[in-house]
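Undergrad: Pasting my_file_9.cif here (mmCIF, C-alpha atoms (C1' of nucleotides)):
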```
data_coords
loop_
_atom_site.group_PDB
_atom_site.id
_atom_site.type_symbol
_atom_site.label_atom_id
_atom_site.label_comp_id
_atom_site.auth_asym_id
_atom_site.auth_seq_id
_atom_site.Cartn_x
_atom_site.Cartn_y
_atom_site.Cartn_z
ATOM 1 C CA MET A 1 0.000 0.000 0.000
ATOM 2 C CA PRO A 2 1.191 3.536 -0.498
ATOM 3 C CA GLU A 3 3.522 4.554 2.286
ATOM 4 C CA LEU A 4 6.128 7.286 2.079
ATOM 5 C CA ILE A 5 8.134 5.311 -0.484
ATOM 6 C CA GLU A 6 5.272 4.846 -2.916
ATOM 7 C CA VAL A 7 4.086 8.443 -2.554
ATOM 8 C CA GLU A 8 7.618 9.638 -3.355
ATOM 9 C CA MET A 9 7.488 7.504 -6.500
ATOM 10 C CA TYR A 10 4.192 9.197 -7.335
ATOM 11 C CA ARG A 11 5.746 12.610 -6.741
ATOM 12 C CA LEU A 12 8.623 11.893 -9.124
ATOM 13 C CA ALA A 13 6.190 10.608 -11.725
ATOM 14 C CA ALA A 14 4.174 13.814 -11.346
ATOM 15 C CA GLU A 15 7.142 16.146 -11.901
ATOM 16 C CA PRO A 16 6.289 16.558 -15.609
ATOM 17 C CA VAL A 17 3.049 18.382 -14.736
ATOM 18 C CA VAL A 18 4.949 21.250 -13.125
ATOM 19 C CA GLY A 19 4.458 24.334 -15.276
ATOM 20 C CA ARG A 20 1.286 23.069 -16.882
ATOM 21 C CA THR A 21 -2.047 24.858 -16.626
ATOM 22 C CA ILE A 22 -5.146 23.039 -15.404
ATOM 23 C CA LEU A 23 -7.917 23.211 -18.003
ATOM 24 C CA ARG A 24 -10.432 20.765 -16.602
ATOM 25 C CA ILE A 25 -11.140 19.162 -13.225
ATOM 26 C CA ASP A 26 -13.143 15.948 -12.985
ATOM 27 C CA THR A 27 -14.547 14.972 -9.601
ATOM 28 C CA PRO A 28 -16.604 11.886 -10.461
ATOM 29 C CA ASP A 29 -16.702 10.871 -6.806
ATOM 30 C CA ALA A 30 -17.656 13.795 -4.561
ATOM 31 C CA TRP A 31 -17.282 11.519 -1.559
ATOM 32 C CA TYR A 32 -13.546 11.447 -2.300
ATOM 33 C CA LEU A 33 -13.221 15.186 -1.579
ATOM 34 C CA ARG A 34 -12.085 15.863 1.983
ATOM 35 C CA GLY A 35 -11.972 18.781 4.354
ATOM 36 C CA GLY A 36 -15.431 19.961 3.335
ATOM 37 C CA ALA A 37 -14.420 20.527 -0.281
ATOM 38 C CA THR A 38 -17.121 20.322 -2.936
ATOM 39 C CA PRO A 39 -16.744 19.736 -6.686
ATOM 40 C CA ASP A 40 -17.601 23.404 -7.280
ATOM 41 C CA ALA A 41 -15.083 24.612 -4.722
ATOM 42 C CA VAL A 42 -12.339 22.441 -6.190
ATOM 43 C CA ARG A 43 -13.139 23.657 -9.686
ATOM 44 C CA ALA A 44 -13.164 27.287 -8.595
ATOM 45 C CA ALA A 45 -9.841 26.906 -6.806
ATOM 46 C CA LEU A 46 -7.965 25.054 -9.532
ATOM 47 C CA ASP A 47 -9.472 25.955 -12.889
ATOM 48 C CA GLY A 48 -6.899 27.846 -14.935
ATOM 49 C CA ALA A 49 -4.216 27.484 -12.276
ATOM 50 C CA ARG A 50 -0.653 26.593 -13.129
ATOM 51 C CA VAL A 51 1.119 23.854 -11.166
ATOM 52 C CA LEU A 52 4.122 25.475 -9.509
ATOM 53 C CA ALA A 53 5.854 22.457 -7.978
ATOM 54 C CA THR A 54 5.470 19.042 -6.457
ATOM 55 C CA ALA A 55 6.080 18.356 -2.780
ATOM 56 C CA ARG A 56 5.557 15.568 -0.323
ATOM 57 C CA HIS A 57 5.206 15.352 3.434
ATOM 58 C CA GLY A 58 4.913 11.797 4.680
ATOM 59 C CA LYS A 59 2.153 10.175 2.649
ATOM 60 C CA LEU A 60 0.681 13.495 1.554
ATOM 61 C CA LEU A 61 1.398 14.589 -2.023
ATOM 62 C CA LEU A 62 1.194 18.331 -2.615
ATOM 63 C CA PHE A 63 0.810 20.550 -5.674
ATOM 64 C CA PRO A 64 1.069 24.258 -4.963
ATOM 65 C CA THR A 65 -0.595 26.274 -7.725
ATOM 66 C CA SER A 66 -0.449 29.795 -9.120
ATOM 67 C CA HIS A 67 -3.883 30.532 -7.638
ATOM 68 C CA GLY A 68 -2.461 30.185 -4.156
ATOM 69 C CA THR A 69 -4.312 26.970 -3.488
ATOM 70 C CA THR A 70 -2.302 23.850 -2.783
ATOM 71 C CA LEU A 71 -3.816 20.607 -3.970
ATOM 72 C CA GLY A 72 -3.274 17.711 -1.564
ATOM 73 C CA LEU A 73 -3.631 14.050 -2.497
ATOM 74 C CA ARG A 74 -3.782 11.099 -0.108
ATOM 75 C CA PHE A 75 -3.817 7.567 -1.424
ATOM 76 C CA GLY A 76 -5.127 5.507 1.442
ATOM 77 C CA MET A 77 -4.481 1.854 0.972
ATOM 78 C CA THR A 78 -5.194 1.326 -2.715
ATOM 79 C CA GLY A 79 -4.778 4.704 -4.372
ATOM 80 C CA ARG A 80 -2.586 4.970 -7.448
ATOM 81 C CA LEU A 81 -1.467 7.957 -9.435
ATOM 82 C CA VAL A 82 -1.648 7.907 -13.220
ATOM 83 C CA VAL A 83 0.216 10.671 -15.065
ATOM 84 C CA ASP A 84 -0.259 11.052 -18.808
ATOM 85 C CA GLY A 85 -1.589 7.514 -18.934
ATOM 86 C CA GLU A 86 1.420 6.045 -17.160
ATOM 87 C CA ALA A 87 1.166 4.483 -13.684
ATOM 88 C CA PRO A 88 4.477 4.526 -11.812
ATOM 89 C CA ILE A 89 3.268 1.551 -9.765
ATOM 90 C CA ASP A 90 1.353 -1.044 -11.731
ATOM 91 C CA ARG A 91 0.351 -3.228 -8.831
ATOM 92 C CA LEU A 92 -0.077 -2.425 -5.139
ATOM 93 C CA GLU A 93 0.020 -4.924 -2.316
ATOM 94 C CA TYR A 94 -3.545 -5.921 -1.338
ATOM 95 C CA SER A 95 -5.050 -4.338 -4.433
ATOM 96 C CA SER A 96 -5.805 -4.856 -8.063
ATOM 97 C CA GLY A 97 -3.491 -4.059 -10.961
ATOM 98 C CA ARG A 98 -6.356 -3.069 -13.192
ATOM 99 C CA VAL A 99 -7.220 0.543 -13.933
ATOM 100 C CA ALA A 100 -10.985 0.686 -14.250
ATOM 101 C CA GLU A 101 -12.604 3.937 -15.292
ATOM 102 C CA ALA A 102 -15.052 3.489 -12.411
ATOM 103 C CA TRP A 103 -12.147 3.696 -9.975
ATOM 104 C CA VAL A 104 -11.011 7.111 -11.175
ATOM 105 C CA ARG A 105 -11.821 9.382 -8.228
ATOM 106 C CA PHE A 106 -10.171 12.575 -9.427
ATOM 107 C CA ARG A 107 -8.676 13.839 -12.656
ATOM 108 C CA LEU A 108 -6.961 16.962 -13.925
ATOM 109 C CA ALA A 109 -6.615 17.723 -17.633
ATOM 110 C CA PHE A 110 -3.831 20.093 -18.671
ATOM 111 C CA ASP A 111 -3.249 22.588 -21.441
ATOM 112 C CA ASP A 112 -0.703 20.349 -23.162
ATOM 113 C CA GLY A 113 -3.162 17.479 -23.498
ATOM 114 C CA GLY A 114 -1.746 15.539 -20.567
ATOM 115 C CA GLU A 115 -3.600 14.530 -17.459
ATOM 116 C CA LEU A 116 -3.208 13.392 -13.875
ATOM 117 C CA ALA A 117 -5.611 10.905 -12.314
ATOM 118 C CA VAL A 118 -6.097 9.245 -8.950
ATOM 119 C CA VAL A 119 -7.344 5.665 -9.285
ATOM 120 C CA ASP A 120 -8.524 4.189 -5.992
ATOM 121 C CA PRO A 121 -10.757 1.094 -5.905
ATOM 122 C CA ARG A 122 -11.382 1.160 -2.156
ATOM 123 C CA ARG A 123 -11.835 4.907 -1.804
ATOM 124 C CA LEU A 124 -9.730 5.258 1.330
ATOM 125 C CA GLY A 125 -7.640 8.048 -0.157
ATOM 126 C CA GLY A 126 -8.831 11.589 -0.710
ATOM 127 C CA VAL A 127 -8.407 14.996 -2.303
ATOM 128 C CA GLU A 128 -8.072 18.091 -0.146
ATOM 129 C CA LEU A 129 -7.487 21.797 -0.760
ATOM 130 C CA ASP A 130 -4.783 23.436 1.347
ATOM 131 C CA PRO A 131 -4.293 20.492 3.697
ATOM 132 C CA ASP A 132 -2.934 21.393 7.115
ATOM 133 C CA ARG A 133 0.674 20.271 7.015
ATOM 134 C CA GLY A 134 1.224 21.568 10.516
ATOM 135 C CA ARG A 135 -0.598 18.606 11.906
ATOM 136 C CA LEU A 136 1.894 16.145 10.459
ATOM 137 C CA GLY A 137 4.918 15.002 12.410
ATOM 138 C CA PRO A 138 8.486 15.145 11.135
ATOM 139 C CA GLU A 139 9.235 13.374 7.861
ATOM 140 C CA ALA A 140 10.196 9.768 8.564
ATOM 141 C CA SER A 141 12.838 9.475 5.849
ATOM 142 C CA THR A 142 14.973 12.127 7.540
ATOM 143 C CA VAL A 143 13.887 11.805 11.171
ATOM 144 C CA THR A 144 16.614 12.595 13.680
ATOM 145 C CA ALA A 145 17.256 10.943 17.011
ATOM 146 C CA ALA A 146 16.254 14.163 18.766
ATOM 147 C CA GLN A 147 12.965 14.368 16.879
ATOM 148 C CA LEU A 148 12.155 10.745 17.571
ATOM 149 C CA ARG A 149 13.058 11.088 21.231
ATOM 150 C CA ALA A 150 10.681 14.035 21.586
ATOM 151 C CA VAL A 151 7.895 12.018 19.980
ATOM 152 C CA LEU A 152 8.411 8.805 21.932
ATOM 153 C CA GLN A 153 8.921 10.449 25.309
ATOM 154 C CA ARG A 154 5.459 11.942 25.184
ATOM 155 C CA SER A 155 3.596 8.663 24.817
ATOM 156 C CA GLY A 156 2.928 5.523 26.751
ATOM 157 C CA ALA A 157 1.167 3.931 23.782
ATOM 158 C CA PRO A 158 2.739 0.902 22.084
ATOM 159 C CA LEU A 159 5.828 1.861 20.092
ATOM 160 C CA LYS A 160 4.211 0.703 16.862
ATOM 161 C CA ALA A 161 1.050 2.754 17.418
ATOM 162 C CA VAL A 162 3.158 5.893 17.812
ATOM 163 C CA LEU A 163 5.192 5.204 14.676
ATOM 164 C CA LEU A 164 1.975 4.738 12.685
ATOM 165 C CA ASP A 165 0.484 8.016 13.914
ATOM 166 C CA GLN A 166 1.045 10.552 11.125
ATOM 167 C CA HIS A 167 0.615 13.430 13.579
ATOM 168 C CA ARG A 168 3.745 12.298 15.410
ATOM 169 C CA ILE A 169 5.912 11.007 12.581
ATOM 170 C CA ALA A 170 4.857 11.236 8.971
ATOM 171 C CA GLY A 171 5.249 8.626 6.287
ATOM 172 C CA LEU A 172 5.386 5.200 7.901
ATOM 173 C CA GLY A 173 2.681 2.620 7.296
ATOM 174 C CA ASN A 174 2.106 -0.866 8.545
ATOM 175 C CA LEU A 175 4.667 -2.670 6.414
ATOM 176 C CA LEU A 176 7.489 -0.183 6.973
ATOM 177 C CA VAL A 177 6.910 -0.187 10.725
ATOM 178 C CA ASP A 178 6.935 -3.973 11.007
ATOM 179 C CA GLU A 179 10.102 -4.170 8.898
ATOM 180 C CA THR A 180 11.780 -1.400 10.882
ATOM 181 C CA LEU A 181 11.042 -2.834 14.319
ATOM 182 C CA TRP A 182 12.027 -6.321 13.216
ATOM 183 C CA THR A 183 15.312 -4.935 11.872
ATOM 184 C CA ALA A 184 15.917 -2.948 15.044
ATOM 185 C CA GLY A 185 15.055 -5.869 17.324
ATOM 186 C CA LEU A 186 12.401 -3.905 19.215
ATOM 187 C CA ASP A 187 9.054 -5.273 20.325
ATOM 188 C CA PRO A 188 6.177 -3.317 18.726
ATOM 189 C CA ALA A 189 4.210 -3.514 21.987
ATOM 190 C CA LEU A 190 6.877 -1.780 24.104
ATOM 191 C CA PRO A 191 5.540 1.399 25.701
ATOM 192 C CA ALA A 192 7.013 4.173 23.559
ATOM 193 C CA ARG A 193 8.583 6.042 26.449
ATOM 194 C CA SER A 194 10.291 2.922 27.798
ATOM 195 C CA LEU A 195 13.020 3.124 25.141
ATOM 196 C CA ASP A 196 16.336 4.409 26.426
ATOM 197 C CA PRO A 197 18.256 7.067 24.474
ATOM 198 C CA ASP A 198 20.511 4.494 22.812
ATOM 199 C CA ASP A 199 17.499 2.546 21.564
ATOM 200 C CA VAL A 200 15.914 5.726 20.233
ATOM 201 C CA GLY A 201 19.067 6.757 18.397
ATOM 202 C CA ARG A 202 19.409 3.328 16.885
ATOM 203 C CA LEU A 203 15.728 3.234 15.913
ATOM 204 C CA ALA A 204 15.944 6.605 14.153
ATOM 205 C CA ALA A 205 18.887 5.309 12.137
ATOM 206 C CA VAL A 206 17.051 2.083 11.287
ATOM 207 C CA ILE A 207 13.983 4.034 10.130
ATOM 208 C CA ARG A 208 16.073 6.153 7.767
ATOM 209 C CA ALA A 209 18.065 3.153 6.520
ATOM 210 C CA THR A 210 14.947 1.039 6.003
ATOM 211 C CA VAL A 211 13.261 3.765 3.964
ATOM 212 C CA ARG A 212 16.399 4.113 1.830
ATOM 213 C CA ARG A 213 16.866 0.380 1.393
ATOM 214 C CA LEU A 214 13.265 -0.411 0.460
ATOM 215 C CA SER A 215 13.152 2.630 -1.829
ATOM 216 C CA ARG A 216 16.066 1.201 -3.763
ATOM 217 C CA ARG A 217 14.382 -2.172 -3.889
ATOM 218 C CA GLY A 218 11.181 -0.658 -5.203
ATOM 219 C CA GLY A 219 8.609 -0.407 -2.440
ATOM 220 C CA SER A 220 7.343 -0.874 1.109
ATOM 221 C CA HIS A 221 6.583 -4.487 0.340
ATOM 222 C CA THR A 222 10.200 -5.426 -0.469
ATOM 223 C CA GLY A 223 11.386 -5.848 3.112
ATOM 224 C CA ASN A 224 13.069 -8.965 4.458
ATOM 225 C CA LEU A 225 10.194 -9.623 6.859
ATOM 226 C CA GLN A 226 7.526 -9.193 4.199
ATOM 227 C CA PRO A 227 7.572 -12.769 2.834
ATOM 228 C CA ALA A 228 6.810 -13.948 6.378
ATOM 229 C CA ARG A 229 3.906 -11.586 7.041
ATOM 230 C CA HIS A 230 1.293 -14.321 7.008
ATOM 231 C CA ARG A 231 -0.163 -16.785 9.472
ATOM 232 C CA GLY A 232 2.119 -19.563 10.602
ATOM 233 C CA ALA A 233 5.299 -18.091 9.114
ATOM 234 C CA LEU A 234 8.760 -18.362 10.648
ATOM 235 C CA CYS A 235 11.242 -15.574 11.352
ATOM 236 C CA PRO A 236 13.399 -15.255 8.203
ATOM 237 C CA ARG A 237 16.485 -14.827 10.414
ATOM 238 C CA CYS A 238 16.086 -17.355 13.217
ATOM 239 C CA ALA A 239 13.150 -19.555 12.135
ATOM 240 C CA THR A 240 11.197 -18.935 15.343
ATOM 241 C CA PRO A 241 7.431 -18.893 14.695
ATOM 242 C CA LEU A 242 6.395 -15.259 14.349
ATOM 243 C CA LEU A 243 3.888 -13.600 16.654
ATOM 244 C CA ARG A 244 0.768 -12.270 14.976
ATOM 245 C CA ARG A 245 -1.042 -9.600 16.974
ATOM 246 C CA THR A 246 -3.123 -6.482 16.499
ATOM 247 C CA ILE A 247 -1.232 -3.409 17.653
ATOM 248 C CA GLY A 248 -2.272 0.115 16.854
ATOM 249 C CA GLY A 249 -5.274 -1.423 15.128
ATOM 250 C CA ARG A 250 -3.063 -3.123 12.543
ATOM 251 C CA THR A 251 -2.008 -6.682 11.907
ATOM 252 C CA THR A 252 1.455 -6.955 13.404
ATOM 253 C CA TYR A 253 4.107 -9.591 12.865
ATOM 254 C CA SER A 254 7.147 -9.796 15.118
ATOM 255 C CA CYS A 255 9.738 -12.295 16.229
ATOM 256 C CA PRO A 256 9.334 -13.220 19.912
ATOM 257 C CA ALA A 257 12.950 -14.362 20.083
ATOM 258 C CA GLU A 258 14.661 -11.367 18.482
ATOM 259 C CA GLN A 259 12.416 -8.432 19.327
ATOM 260 C CA SER A 260 12.826 -7.664 23.019
ATOM 261 C CA ALA A 261 9.661 -8.262 25.031
ATOM 262 C CA PRO A 262 7.841 -5.532 26.931
ATOM 263 C "C1'" DC B 1 -4.281 16.209 25.834
ATOM 264 C "C1'" DT B 2 -3.903 10.883 25.267
ATOM 265 C "C1'" DC B 3 -5.408 6.449 23.800
ATOM 266 C "C1'" DG B 4 -7.978 2.602 22.123
ATOM 267 C "C1'" DA B 5 -12.127 1.132 19.897
ATOM 268 C "C1'" DC B 6 -14.811 1.784 16.144
ATOM 269 C "C1'" DT B 7 -15.955 3.089 11.348
ATOM 270 C "C1'" DC B 8 -15.435 3.972 6.633
ATOM 271 C "C1'" DC B 9 -14.426 1.424 1.956
ATOM 272 C "C1'" DT B 10 -14.479 -2.792 -1.542
ATOM 273 C "C1'" DG B 11 -11.383 -6.156 -4.323
ATOM 274 C "C1'" DT B 12 -9.214 -10.357 -3.304
ATOM 275 C "C1'" DT B 13 -8.826 -14.690 -1.423
ATOM 276 C "C1'" DA B 14 -9.597 -18.703 1.472
ATOM 277 C "C1'" DG B 15 -12.757 -22.085 2.466
ATOM 278 C "C1'" DC B 16 -16.844 -24.679 2.126
ATOM 279 C "C1'" DT C 1 -18.225 -24.195 -9.878
ATOM 280 C "C1'" DG C 2 -20.274 -20.699 -7.137
ATOM 281 C "C1'" DC C 3 -21.098 -18.527 -3.088
ATOM 282 C "C1'" DT C 4 -19.923 -16.350 1.501
ATOM 283 C "C1'" DA C 5 -17.228 -14.315 4.914
ATOM 284 C "C1'" DA C 6 -12.922 -12.846 6.422
ATOM 285 C "C1'" DC C 7 -9.222 -9.886 5.472
ATOM 286 C "C1'" DA C 8 -6.360 -5.947 4.194
ATOM 287 C "C1'" DG C 9 -4.930 -0.796 6.342
ATOM 288 C "C1'" DG C 10 -4.895 4.819 6.118
ATOM 289 C "C1'" DA C 11 -7.206 8.080 8.651
ATOM 290 C "C1'" DG C 12 -11.048 10.405 10.994
ATOM 291 C "C1'" DT C 13 -14.241 10.361 14.998
ATOM 292 C "C1'" DC C 14 -15.762 9.522 19.578
ATOM 293 C "C1'" DG C 15 -15.879 8.414 24.443
ATOM 294 C "C1'" DA C 16 -13.277 7.438 28.641
#
```
Would you give me this structure, written as structure tokens?
TA:
Amino acid sequence: MPELIEVEMYRLAAEPVVGRTILRIDTPDAWYLRGGATPDAVRAALDGARVLATARHGKLLLFPTSHGTTLGLRFGMTGRLVVDGEAPIDRLEYSSGRVAEAWVRFRLAFDDGGELAVVDPRRLGGVELDPDRGRLGPEASTVTAAQLRAVLQRSGAPLKAVLLDQHRIAGLGNLLVDETLWTAGLDPALPARSLDPDDVGRLAAVIRATVRRLSRRGGSHTGNLQPARHRGALCPRCATPLLRRTIGGRTTYSCPAEQSAP
DNA sequence: CTCGACTCCTGTTAGC
DNA sequence: TGCTAACAGGAGTCGA
């Protein structure tokens, strides 16, 4: 599913639309508009606007425009971006590889004949005008030990729940968090503030390294733990049966032998 | 404020 | 073969 890595791939794929002028806005699914936006409001804000740049904060993809409005796209679990007919990711984990017209939730047509579309079968993503970036935590791909310490110290929630919370640290999803904690040897259920400063420093480094490594490999689903994220699987390192739990509301796999217990 | 439970959504897949 | 029910997770809301 789209985590920071996939959204960055979308951002790169969308770079060609910078400088183009928006001629038409299709909002076939009004339900997909978030933050109280309506099809009319989106049209009024974007019609005739030029795309000034692309940006990304965590899983949020941003397009500032010449009208002063910034278009924000979220992809949920199954959202894909299609730019000029090309999809940078042809198949997402847990979703279909097809591009059905009925799944197009949002589309921009540009002055040069190109277009940008969001295709999202399960409708968990969304389109928002001027999304509030201030509510997002620091970017996960560059998170520092100091930033992570500040975030973890404030919470007694399970470590994994905090890492998944976009308001505290932005960009990590279920797969990246499981891979990161498995790599770092930390139990996802540990109370966040129970980590000592050494653990926090090490975890920050593992987060950054994991994002880099899986980006090179091509996605959040390319981790070493990923092949074992199913019932009855064994730890790929030590062959201990993995624990399967729900933590932070998400299916969580961890190795009871290698990831220190709470 | 924090935190967990609940809810939204629907294609895919496992199982009968 | 055809059907049903469980499953997947990003993110908002609500109550304690």
Undergrad: Given the PyMOL selection byres ((chain B) within 9 of (chain A)) and the file above, list the residues it selects as a tab-separated table (two decimals) with C-alpha atoms (C1' of nucleotides), keeping the file's coordinate frame.
TA:
```tsv
chain	number	residue	atom	x	y	z
B	2	DT	C1'	-3.90	10.88	25.27
B	3	DC	C1'	-5.41	6.45	23.80
B	4	DG	C1'	-7.98	2.60	22.12
B	5	DA	C1'	-12.13	1.13	19.90
B	8	DC	C1'	-15.44	3.97	6.63
B	9	DC	C1'	-14.43	1.42	1.96
B	10	DT	C1'	-14.48	-2.79	-1.54
B	11	DG	C1'	-11.38	-6.16	-4.32
B	12	DT	C1'	-9.21	-10.36	-3.30
```
Undergrad: If you measure from atom CA of A:Gly219 to atom CA of A:Leu190, what distance in Å do you get, rounded to one decimal?
TA: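 Going from atom CA of A:Gly219 over to atom CA of A:Leu190 covers 26.6 Å.
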Undergrad: Suppose you want the space between atom CA of A:Ala49 and atom CA of A:Trp103; what is it in Å?
TA: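 Value for the atom CA of A:Ala49-atom CA of A:Trp103 distance: 25.2 Å.
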Undergrad: Could you build a table of the residues in chain A lying no more than 10 Å from chain C, giving for each the nearest pair of atoms and their separation in Å rounded to one decimal place, using only C-alpha atoms (C1' of nucleotides), ordered by chain and ascending residue number, as JSON lines?
TA:
```
{"residue": "A:Met1", "atom": "CA", "partner": "C:DG9", "partner_atom": "C1'", "distance": 8.1}
{"residue": "A:Pro2", "atom": "CA", "partner": "C:DG10", "partner_atom": "C1'", "distance": 9.1}
{"residue": "A:Glu3", "atom": "CA", "partner": "C:DG10", "partner_atom": "C1'", "distance": 9.3}
{"residue": "A:Lys59", "atom": "CA", "partner": "C:DG10", "partner_atom": "C1'", "distance": 9.5}
{"residue": "A:Arg74", "atom": "CA", "partner": "C:DG10", "partner_atom": "C1'", "distance": 8.9}
{"residue": "A:Phe75", "atom": "CA", "partner": "C:DG10", "partner_atom": "C1'", "distance": 8.1}
{"residue": "A:Gly76", "atom": "CA", "partner": "C:DG10", "partner_atom": "C1'", "distance": 4.7}
{"residue": "A:Met77", "atom": "CA", "partner": "C:DG10", "partner_atom": "C1'", "distance": 6.0}
{"residue": "A:Thr78", "atom": "CA", "partner": "C:DG9", "partner_atom": "C1'", "distance": 9.3}
{"residue": "A:Glu93", "atom": "CA", "partner": "C:DA8", "partner_atom": "C1'", "distance": 9.2}
{"residue": "A:Tyr94", "atom": "CA", "partner": "C:DA8", "partner_atom": "C1'", "distance": 6.2}
{"residue": "A:Ser95", "atom": "CA", "partner": "C:DA8", "partner_atom": "C1'", "distance": 8.9}
{"residue": "A:Leu124", "atom": "CA", "partner": "C:DG10", "partner_atom": "C1'", "distance": 6.8}
{"residue": "A:Gly125", "atom": "CA", "partner": "C:DG10", "partner_atom": "C1'", "distance": 7.6}
{"residue": "A:Leu164", "atom": "CA", "partner": "C:DG10", "partner_atom": "C1'", "distance": 9.5}
{"residue": "A:Asp165", "atom": "CA", "partner": "C:DA11", "partner_atom": "C1'", "distance": 9.3}
{"residue": "A:Gln166", "atom": "CA", "partner": "C:DA11", "partner_atom": "C1'", "distance": 9.0}
{"residue": "A:Gly173", "atom": "CA", "partner": "C:DG10", "partner_atom": "C1'", "distance": 8.0}
{"residue": "A:Asn174", "atom": "CA", "partner": "C:DG9", "partner_atom": "C1'", "distance": 7.4}
{"residue": "A:Leu175", "atom": "CA", "partner": "C:DG9", "partner_atom": "C1'", "distance": 9.8}
{"residue": "A:Gly249", "atom": "CA", "partner": "C:DG9", "partner_atom": "C1'", "distance": 8.8}
{"residue": "A:Arg250", "atom": "CA", "partner": "C:DG9", "partner_atom": "C1'", "distance": 6.9}
{"residue": "A:Thr251", "atom": "CA", "partner": "C:DG9", "partner_atom": "C1'", "distance": 8.6}
```
Undergrad: Taking the file as I've supplied it (selection: the PyMOL selection byres ((chain A and resi 220-223) around 10)), which residues are included? Please answer as a PDB file with C-alpha atoms, in the frame of the given file.
TA:
```pdb
ATOM      1  CA  MET A   1       0.000   0.000   0.000  1.00  0.00           C
ATOM      2  CA  PRO A   2       1.191   3.536  -0.498  1.00  0.00           C
ATOM      3  CA  GLU A   3       3.522   4.554   2.286  1.00  0.00           C
ATOM      4  CA  LEU A   4       6.128   7.286   2.079  1.00  0.00           C
ATOM      5  CA  ILE A   5       8.134   5.311  -0.484  1.00  0.00           C
ATOM      6  CA  GLU A   6       5.272   4.846  -2.916  1.00  0.00           C
ATOM      7  CA  LEU A  92      -0.077  -2.425  -5.139  1.00  0.00           C
ATOM      8  CA  GLU A  93       0.020  -4.924  -2.316  1.00  0.00           C
ATOM      9  CA  LEU A 172       5.386   5.200   7.901  1.00  0.00           C
ATOM     10  CA  GLY A 173       2.681   2.620   7.296  1.00  0.00           C
ATOM     11  CA  ASN A 174       2.106  -0.866   8.545  1.00  0.00           C
ATOM     12  CA  LEU A 175       4.667  -2.670   6.414  1.00  0.00           C
ATOM     13  CA  LEU A 176       7.489  -0.183   6.973  1.00  0.00           C
ATOM     14  CA  VAL A 177       6.910  -0.187  10.725  1.00  0.00           C
ATOM     15  CA  ASP A 178       6.935  -3.973  11.007  1.00  0.00           C
ATOM     16  CA  GLU A 179      10.102  -4.170   8.898  1.00  0.00           C
ATOM     17  CA  THR A 180      11.780  -1.400  10.882  1.00  0.00           C
ATOM     18  CA  THR A 183      15.312  -4.935  11.872  1.00  0.00           C
ATOM     19  CA  THR A 210      14.947   1.039   6.003  1.00  0.00           C
ATOM     20  CA  VAL A 211      13.261   3.765   3.964  1.00  0.00           C
ATOM     21  CA  ARG A 213      16.866   0.380   1.393  1.00  0.00           C
ATOM     22  CA  LEU A 214      13.265  -0.411   0.460  1.00  0.00           C
ATOM     23  CA  SER A 215      13.152   2.630  -1.829  1.00  0.00           C
ATOM     24  CA  ARG A 216      16.066   1.201  -3.763  1.00  0.00           C
ATOM     25  CA  ARG A 217      14.382  -2.172  -3.889  1.00  0.00           C
ATOM     26  CA  GLY A 218      11.181  -0.658  -5.203  1.00  0.00           C
ATOM     27  CA  GLY A 219       8.609  -0.407  -2.440  1.00  0.00           C
ATOM     28  CA  ASN A 224      13.069  -8.965   4.458  1.00  0.00           C
ATOM     29  CA  LEU A 225      10.194  -9.623   6.859  1.00  0.00           C
ATOM     30  CA  GLN A 226       7.526  -9.193   4.199  1.00  0.00           C
ATOM     31  CA  PRO A 227       7.572 -12.769   2.834  1.00  0.00           C
ATOM     32  CA  ALA A 228       6.810 -13.948   6.378  1.00  0.00           C
TER      33      ALA A 228
END
```
Undergrad: Atom CA of A:Asp47 to atom CA of A:Glu86: how many Å, to one decimal?
TA: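 Atom-to-atom, atom CA of A:Asp47 to atom CA of A:Glu86, that is 23.1 Å.
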Undergrad: I want to know what sits within 9 Å of stretch 21-37 of chain A, based on all atoms listed in the file, with residues of the same chain fewer than 3 positions away left out; could you give that as a ChimeraX atom specification?
TA: /A:17-18,40-43,46-51,102,104-112,115,123-129,131
Undergrad: Near stretch 193-202 of chain A, within 9 Å and counting all atoms listed in the file, which residues show up once chain neighbours fewer than 6 positions away are dropped, as a list in words?
TA: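 My list of contacting residues is Thr144, Ala145, Ala146, Leu148, Arg149, Val151, Leu152, Gln153, Arg154, Ser155, Gly156, Ala157, Pro158, Leu159, Ala184, Leu186 and Pro262 of chain A.
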Undergrad: I need the output of the PyMOL selection byres ((chain A and resi 232) around 9) for this file as a list of chain:residue names; which residues are they?
TA: A:Ala228, A:Arg229, A:His230, A:Arg231, A:Ala233, A:Leu234, A:Pro241, A:Leu242, A:Leu243, A:Arg244
Undergrad: Around all of stretch 40-45 of chain A's listed atoms, make the axis-aligned box with 8 Å on each side and tell me centre and edge lengths in Å to one decimal, as AutoDock Vina command-line options.
TA:
```
--center_x -13.7 --center_y 24.9 --center_z -7.2 --size_x 23.8 --size_y 20.8 --size_z 21.0
```
